[in-house]
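Just below is one structure, and these are the notes that go with it.
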Amino acid sequence: MPFKKFLPRISLFVALLALVIIIKYREQIRQFSSFHLYKARIHADNFFYGAGQGKKRHKPVALLQKETELQLYVGEPFRSFRKSDWREFWEIIYGAYPMEPPERPGLPRRVRQMDRGELAYELASRYPQPFAYFTPEHWKMFFSIILKQDES
């Protein structure tokens, strides 16, 4: 029972010690907490961006018409695409990727969809035939097929 007698004194001592530590290191604690809150906010933004909030382009329910137009107007490689190839292709078009370096060391990269220039570069590097030989007019026609009513 002697422990119960000292319990309030020990609790008071621990509370005062914690208060002194918090006061002494308040700036470091504030920086630490604000950094991690900002990091959590970026993770949440990336999660909700991937879930569809903030996307410029949204994947339509049916892509068959666009796939047919690409097979007719562009030809290879689209004529020989399998289901998995189409899935990968549409993921490039409608997916969100971490594009820029992190704002500060220790922070995650923000995700976003590729713009038209980045899409053109990515498609030309993955499918050099025919995209490496596309002129600006070809790209305009190509984007008019795949991005109908998706973005202005």
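All residue names refer to the structure tokens as shown: chains lettered A, B, ... in order, residues numbered from 1 in each chain, ligands numbered from 1 in order.
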Spatial neighbours of region 72-80 of chain A, 9 Å, only C-alpha atoms, chain gap at least 4 places, as a PyMOL selection string:
chain A and resi 67-68+85-86+127+129-130+142
When distances are computed from only C-alpha atoms, which of A:Leu12, A:Arg30, A:Leu7, A:Leu70 shows the smallest separation from Ser144 (chain A)?
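Using only C-alpha atoms, the shortest distance to Ser144 (chain A) belongs to A:Leu70.
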Using DSSP on the backbone, list every residue of chain A that comes out as strand (DSSP E), and give them as a VMD selection string.
chain A and resid 96 to 98 111 to 113
Keeping only C-alpha atoms, take the residues you just selected and write them out as a compact mmCIF listing (two decimals), in the first residue's frame.
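To be explicit, this is the file written out as result-v1.txt:
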# COMPACT_ATOMS: atom_id res chain seq x y z
CA ALA A 96 -1.88 8.92 -62.55
CA TYR A 97 1.87 8.81 -62.02
CA PRO A 98 4.40 10.54 -59.75
CA VAL A 111 0.82 12.04 -58.60
CA ARG A 112 -0.94 13.45 -61.62
CA GLN A 113 -1.93 12.47 -65.12
Determine, counting only C-alpha atoms, which protein, DNA and RNA residues have an atom within 12 Å of an atom of region 118-122 of chain A; residues of the same chain fewer than 3 positions away are not included. Present the result as a PyMOL selection string.
chain A and resi 89-97+99+112-115+125-128+130-136+138-140+142-143+146-147
What does the structure give for the distance between CA of Ile42 (chain A) and CA of Lys24 (chain A), in Å to one decimal?
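Pair CA of Ile42 (chain A) / CA of Lys24 (chain A) returns 29.5 Å.
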Interatomic distance between CA of Phe35 (chain A) and CA of Gly106 (chain A)?
9.1 Å
Can you measure CA of Leu123 (chain A) to CA of Met141 (chain A) for me? One decimal in Å is fine.
14.7 Å
